[in-house]
$ cat my_file_15.txt   # compact mmCIF, C-alpha atoms
# COMPACT_ATOMS: atom_id res chain seq x y z
CA MET B 1 -26.86 -6.10 -23.86
CA SER B 2 -24.88 -3.25 -22.36
CA VAL B 3 -26.28 -0.91 -19.79
CA PRO B 4 -26.04 2.76 -20.88
CA GLY B 5 -23.55 4.65 -18.76
CA HIS B 6 -22.43 1.51 -16.89
CA SER B 7 -18.84 1.55 -18.21
CA GLN B 8 -18.50 5.26 -17.53
CA ASP B 9 -19.80 4.82 -13.98
CA THR B 10 -17.32 2.00 -13.42
CA LEU B 11 -14.45 4.13 -14.68
CA GLN B 12 -15.52 7.01 -12.46
CA ALA B 13 -15.68 4.67 -9.45
CA ALA B 14 -12.24 3.28 -10.29
CA GLY B 15 -10.87 6.79 -10.65
CA ARG B 16 -12.33 7.80 -7.33
CA ARG B 17 -10.88 4.70 -5.66
CA SER B 18 -7.50 5.57 -7.11
CA LEU B 19 -7.75 9.10 -5.70
CA VAL B 20 -8.64 7.73 -2.26
CA ASP B 21 -5.70 5.31 -2.38
CA THR B 22 -3.39 8.15 -3.40
CA ALA B 23 -4.67 10.28 -0.51
CA ILE B 24 -4.21 7.38 1.92
CA ASP B 25 -0.63 6.84 0.76
CA ALA B 26 0.14 10.56 1.01
CA LEU B 27 -1.24 10.80 4.55
CA ARG B 28 0.62 7.63 5.60
CA GLU B 29 3.87 9.15 4.30
CA GLN B 30 3.22 12.38 6.22
CA LEU B 31 2.51 10.44 9.41
CA ALA B 32 5.61 8.26 9.00
CA ALA B 33 7.73 11.36 8.36
CA GLY B 34 6.53 12.90 11.62
CA ALA B 35 4.62 15.78 10.05
CA TRP B 36 2.19 15.48 12.96
CA PRO B 37 3.39 13.83 16.20
CA VAL B 38 1.35 11.31 18.15
CA GLY B 39 -1.44 13.12 19.95
CA ALA B 40 -1.45 16.08 17.57
CA ARG B 41 -4.52 17.15 15.65
CA ILE B 42 -4.13 16.86 11.89
CA PRO B 43 -5.27 19.68 9.56
CA THR B 44 -8.94 19.97 8.67
CA GLU B 45 -10.48 18.15 5.71
CA HIS B 46 -10.56 21.43 3.79
CA GLU B 47 -6.85 22.09 4.40
CA LEU B 48 -5.87 18.54 3.50
CA ALA B 49 -7.99 18.64 0.35
CA GLU B 50 -6.14 21.76 -0.79
CA ARG B 51 -2.73 20.26 0.01
CA LEU B 52 -3.47 16.98 -1.75
CA GLN B 53 -5.40 18.60 -4.61
CA VAL B 54 -8.40 16.29 -4.13
CA GLY B 55 -11.99 16.71 -3.00
CA ARG B 56 -13.06 16.80 0.63
CA ASN B 57 -15.02 13.56 0.21
CA THR B 58 -11.81 11.84 -0.92
CA VAL B 59 -9.99 13.14 2.16
CA ARG B 60 -12.88 12.04 4.36
CA GLU B 61 -12.70 8.49 3.00
CA ALA B 62 -8.92 8.37 3.36
CA ILE B 63 -9.17 9.49 6.99
CA ARG B 64 -11.86 6.88 7.66
CA VAL B 65 -9.50 4.15 6.38
CA LEU B 66 -6.62 5.38 8.55
CA VAL B 67 -8.89 5.57 11.60
CA HIS B 68 -9.88 1.94 10.98
CA ALA B 69 -6.18 1.06 10.60
CA GLY B 70 -5.45 2.56 14.02
CA MET B 71 -3.25 5.41 12.83
CA LEU B 72 -5.80 8.17 13.48
CA VAL B 73 -8.64 8.71 15.94
CA SER B 74 -11.62 10.99 15.42
CA ARG B 75 -13.13 12.90 18.34
CA GLN B 76 -16.52 14.43 17.75
CA GLY B 77 -16.39 18.21 17.97
CA GLU B 78 -12.59 18.24 18.34
CA GLY B 79 -11.16 16.89 15.09
CA THR B 80 -8.92 14.00 14.08
CA PHE B 81 -5.78 13.16 16.03
CA VAL B 82 -2.68 11.02 15.45
CA ARG B 83 -2.75 7.71 17.29
CA SER B 84 0.27 6.07 15.61
CA THR B 85 2.83 7.17 13.03
CA SER B 86 3.08 3.65 11.61
CA ASP B 87 0.39 1.36 10.23
CA PRO B 88 -0.02 -1.45 12.81
CA ALA B 89 -1.42 -3.83 10.20
CA ALA B 90 1.55 -3.23 7.89
CA VAL B 91 3.96 -3.81 10.78
CA LEU B 92 2.29 -7.10 11.67
CA ARG B 93 2.21 -8.21 8.04
CA GLY B 94 5.96 -7.60 7.95
CA VAL B 95 6.35 -9.73 11.05
CA GLN B 96 4.43 -12.56 9.40
CA ARG B 97 6.89 -12.56 6.50
CA SER B 98 9.88 -12.90 8.81
CA GLY B 99 12.13 -15.96 9.02
CA VAL B 100 11.80 -18.75 11.56
CA ARG B 101 14.50 -17.32 13.87
CA ASP B 102 12.88 -13.88 13.89
CA VAL B 103 9.48 -15.40 14.56
CA LEU B 104 10.76 -17.52 17.44
CA GLU B 105 12.54 -14.56 19.04
CA VAL B 106 9.44 -12.37 18.92
CA ARG B 107 7.35 -15.32 20.07
CA ALA B 108 9.69 -15.73 23.05
CA ALA B 109 9.24 -12.07 24.00
CA LEU B 110 5.46 -12.22 23.71
CA GLU B 111 5.09 -15.52 25.53
CA ALA B 112 7.56 -14.68 28.29
CA GLU B 113 5.53 -11.61 29.22
CA GLY B 114 2.34 -13.60 28.75
CA ALA B 115 3.57 -16.30 31.11
CA ARG B 116 4.64 -13.72 33.67
CA LEU B 117 1.21 -12.08 33.65
CA ALA B 118 -0.53 -15.46 33.56
CA ALA B 119 1.16 -16.39 36.84
CA LEU B 120 -0.50 -13.35 38.42
CA ARG B 121 -3.89 -13.46 36.71
CA HIS B 122 -4.72 -17.05 35.69
CA THR B 123 -7.96 -18.74 36.61
CA PRO B 124 -8.44 -22.45 37.39
CA GLU B 125 -10.07 -22.78 33.96
CA ASP B 126 -6.91 -21.43 32.30
CA ILE B 127 -4.81 -24.15 33.94
CA VAL B 128 -7.30 -26.83 32.88
CA ARG B 129 -7.13 -25.55 29.29
CA MET B 130 -3.32 -25.67 29.22
CA ARG B 131 -3.16 -29.18 30.66
CA ALA B 132 -5.84 -30.42 28.24
CA ALA B 133 -3.85 -29.12 25.26
CA LEU B 134 -0.73 -30.84 26.59
CA ALA B 135 -2.59 -34.11 27.08
CA ARG B 136 -3.75 -34.04 23.47
CA GLU B 137 -0.22 -33.28 22.31
CA ALA B 138 1.20 -36.16 24.34
CA GLU B 139 -1.37 -38.51 22.80
CA VAL B 140 -0.36 -37.51 19.28
CA ILE B 141 3.33 -37.98 20.07
CA ALA B 142 2.67 -41.43 21.53
CA ALA B 143 0.59 -42.41 18.50
CA HIS B 144 3.21 -41.17 16.04
CA PRO B 145 6.66 -42.03 17.42
CA GLU B 146 8.22 -41.53 13.98
CA ARG B 147 9.65 -38.04 13.46
CA GLY B 148 7.46 -37.14 10.49
CA GLY B 149 4.23 -37.85 12.35
CA ARG B 150 5.01 -35.24 14.95
CA GLU B 151 3.92 -32.47 12.61
CA ALA B 152 0.44 -33.40 13.77
CA THR B 153 1.30 -31.89 17.17
CA VAL B 154 1.63 -28.38 15.70
CA GLU B 155 -2.00 -27.41 16.23
CA HIS B 156 -2.07 -28.75 19.79
CA ASP B 157 1.22 -27.03 20.63
CA LEU B 158 -0.05 -23.74 19.26
CA GLU B 159 -3.25 -24.25 21.25
CA PHE B 160 -1.15 -24.66 24.38
CA HIS B 161 0.96 -21.55 23.81
CA THR B 162 -2.11 -19.50 22.92
CA ALA B 163 -3.72 -20.66 26.18
CA VAL B 164 -0.65 -19.42 28.08
CA VAL B 165 -0.84 -15.96 26.49
CA GLU B 166 -4.60 -15.68 26.93
CA ALA B 167 -4.24 -16.62 30.62
CA ALA B 168 -2.56 -13.22 31.02
CA HIS B 169 -6.03 -11.71 30.48
CA ASN B 170 -4.56 -8.83 28.50
CA PRO B 171 -6.77 -8.32 25.41
CA ALA B 172 -4.11 -6.32 23.55
CA LEU B 173 -1.44 -8.97 24.08
CA ALA B 174 -3.85 -11.74 23.09
CA GLU B 175 -4.91 -9.88 19.94
CA VAL B 176 -1.31 -9.35 18.79
CA TYR B 177 -0.52 -13.00 19.47
CA ARG B 178 -3.60 -14.19 17.54
CA TYR B 179 -2.58 -12.07 14.55
CA PHE B 180 0.95 -13.37 14.93
CA GLY B 181 -0.35 -16.94 15.21
CA ALA B 182 -0.07 -17.62 11.48
CA SER B 183 3.67 -16.98 11.61
CA VAL B 184 4.03 -19.03 14.78
CA ARG B 185 2.17 -21.92 13.15
CA GLU B 186 4.27 -21.73 9.99
CA SER B 187 7.54 -21.51 11.91
CA MET B 188 6.53 -24.53 13.98
CA ARG B 189 5.65 -26.52 10.85
CA THR B 190 9.03 -25.60 9.43
CA ALA B 191 10.73 -26.65 12.67
CA PHE B 192 8.86 -29.90 13.12
CA GLY B 193 9.46 -30.84 9.51
CA ASP B 194 13.23 -30.62 9.97
CA HIS B 195 14.99 -33.59 11.53
CA GLU B 196 17.70 -31.35 12.96
CA MET B 197 15.22 -29.52 15.16
CA PRO B 198 14.80 -30.73 18.76
CA GLU B 199 11.80 -32.90 19.52
CA VAL B 200 8.89 -31.55 21.52
CA VAL B 201 9.40 -32.28 25.21
CA VAL B 202 6.08 -32.33 27.05
CA ALA B 203 7.90 -32.16 30.41
CA THR B 204 9.19 -28.61 29.74
CA HIS B 205 5.64 -27.54 28.85
CA GLU B 206 4.33 -29.10 32.04
CA ALA B 207 7.01 -27.23 33.98
CA LEU B 208 5.69 -23.98 32.52
CA VAL B 209 2.13 -24.79 33.59
CA ASP B 210 3.36 -25.66 37.09
CA ALA B 211 5.24 -22.36 37.27
CA ILE B 212 2.17 -20.38 36.18
CA GLU B 213 -0.02 -22.25 38.63
CA SER B 214 2.44 -21.46 41.44
CA GLY B 215 1.70 -17.75 41.03
CA ASP B 216 5.41 -16.85 40.80
CA PRO B 217 5.87 -14.50 37.79
CA ASP B 218 9.69 -14.79 37.76
CA ARG B 219 9.51 -18.59 37.77
CA ALA B 220 6.89 -18.56 35.00
CA GLU B 221 8.94 -16.24 32.79
CA ALA B 222 12.08 -18.33 33.31
CA ALA B 223 10.21 -21.56 32.51
CA CYS B 224 8.84 -20.03 29.32
CA ARG B 225 12.24 -18.80 28.15
CA ALA B 226 13.79 -22.18 28.97
CA LEU B 227 11.12 -23.92 26.90
CA LEU B 228 11.83 -21.75 23.84
CA ALA B 229 15.62 -21.55 24.25
CA GLU B 230 16.29 -24.95 22.67
CA PRO B 231 14.41 -24.40 19.39
CA ILE B 232 15.93 -20.91 19.05
CA ALA B 233 19.44 -22.37 19.57
CA ALA B 234 18.70 -25.12 17.05
CA VAL B 235 17.63 -22.55 14.45
CA GLU B 236 20.83 -20.58 15.07
CA GLN B 237 22.86 -23.74 14.41
CA LEU B 238 20.94 -24.49 11.21
CA ILE B 239 21.45 -20.93 9.92
CA ALA B 240 25.17 -21.14 10.70
CA ALA B 241 25.42 -24.53 8.95
CA ILE B 242 23.66 -23.21 5.85
CA ALA B 243 25.92 -20.13 5.77
CA ALA B 244 29.02 -22.34 6.07
CA ARG B 245 27.98 -24.36 3.01
CA LYS B 246 27.71 -21.25 0.83
$ encode --input "my_file_15.txt" --output "structure tokens"
Amino acid sequence: MSVPGHSQDTLQAAGRRSLVDTAIDALREQLAAGAWPVGARIPTEHELAERLQVGRNTVREAIRVLVHAGMLVSRQGEGTFVRSTSDPAAVLRGVQRSGVRDVLEVRAALEAEGARLAALRHTPEDIVRMRAALAREAEVIAAHPERGGREATVEHDLEFHTAVVEAAHNPALAEVYRYFGASVRESMRTAFGDHEMPEVVVATHEALVDAIESGDPDRAEAACRALLAEPIAAVEQLIAAIAARK
């Protein structure tokens, strides 16, 4: 039995959603084009409604979405201001779709700075967490000496690297790294599943922990870059080999 007016209400809701999406896309394009620089106040809801040829409620919903996305910020009594001209979520989604080399390079940049800050800000608990993750990774490697079994170390290795970044005690850095974690995990699975990739060397990870624990930021950054240099070089060689076969 149909409900009178139900289909019409659904269509109206769908139409309204479409208008909101259109308004969101239009405002994103304006922001990306630099119509309003970072820090500038955007036009009022009334002005935007006239420009976009939609209702003020539609504009209000579109602005709410862009505030949540981090592109705009609303200040009571002052208006709405530009926080970013690009959608941070879209940028990070693009990063997640990148190739293994791109992921490892960005990972190196994030972790190198994380390690540097961790040397200055770590707590004893941070060091315990890193060493515990390494111990679990070493156990898995010992239990699975065959190459294929080492894929089981991925989660423990990611746990270790996440612990390094979080020891920096920078919430923004940690949040970006957590979002980025899916790409890191996938790139590591890709790497560990390839026999041409270098094996995990626990000693280089231990050297990084020692460097962080020493409190020397330069030493910690260098240890982190040294740890990631080998897999990045291996990926470069694989890409070159694939290109040569084409």
$ residues_near_point --input "my_file_15.txt" --point "(0.2, 11.8, 20.8)" --cutoff "9 Å" --atoms "all atoms listed in the file" --output "MDAnalysis selection string"
chainID B and resid 36:41 81:84
$ closest_residue --input "my_file_15.txt" --among "B:Ala23, B:Leu173, B:His46, B:Ala90" --to "B:Ile63" --atoms "only C-alpha atoms"
B:Ala23
$ closest_residue --input "my_file_15.txt" --among "B:Glu78, B:Glu113, B:Glu47, B:Glu61" --to "B:Pro217" --atoms "only C-alpha atoms"
B:Glu113
$ residues_around --input "my_file_15.txt" --residues "B:Ala26" --least-positions-apart "5" --cutoff "12 Å" --atoms "all atoms listed in the file" --output "ChimeraX atom specification"
/B:19-21,31-33,35,48-49,51-54,59,62-63,66
$ closest_residue --input "my_file_15.txt" --among "B:Val235, B:Ala207, B:Ala241, B:Ala167" --to "B:Glu111" --atoms "only C-alpha atoms"
B:Ala167
$ atom_distance --input "my_file_15.txt" --atom1 "atom CA of B:Thr85" --atom2 "atom CA of B:Pro43"
15.3 Å
$ closest_residue --input "my_file_15.txt" --among "B:Gly77, B:Gly215, B:Gly34, B:Gly55" --to "B:Thr123" --atoms "only C-alpha atoms"
B:Gly215
$ closest_residue --input "my_file_15.txt" --among "B:Arg131, B:His144, B:Arg56, B:Arg116" --to "B:Arg219" --atoms "only C-alpha atoms"
B:Arg116
$ atom_distance --input "my_file_15.txt" --atom1 "atom CA of B:Val202" --atom2 "atom CA of B:Ile239"
25.7 Å
$ atom_distance --input "my_file_15.txt" --atom1 "atom CA of B:Thr80" --atom2 "atom CA of B:Glu45"
9.5 Å
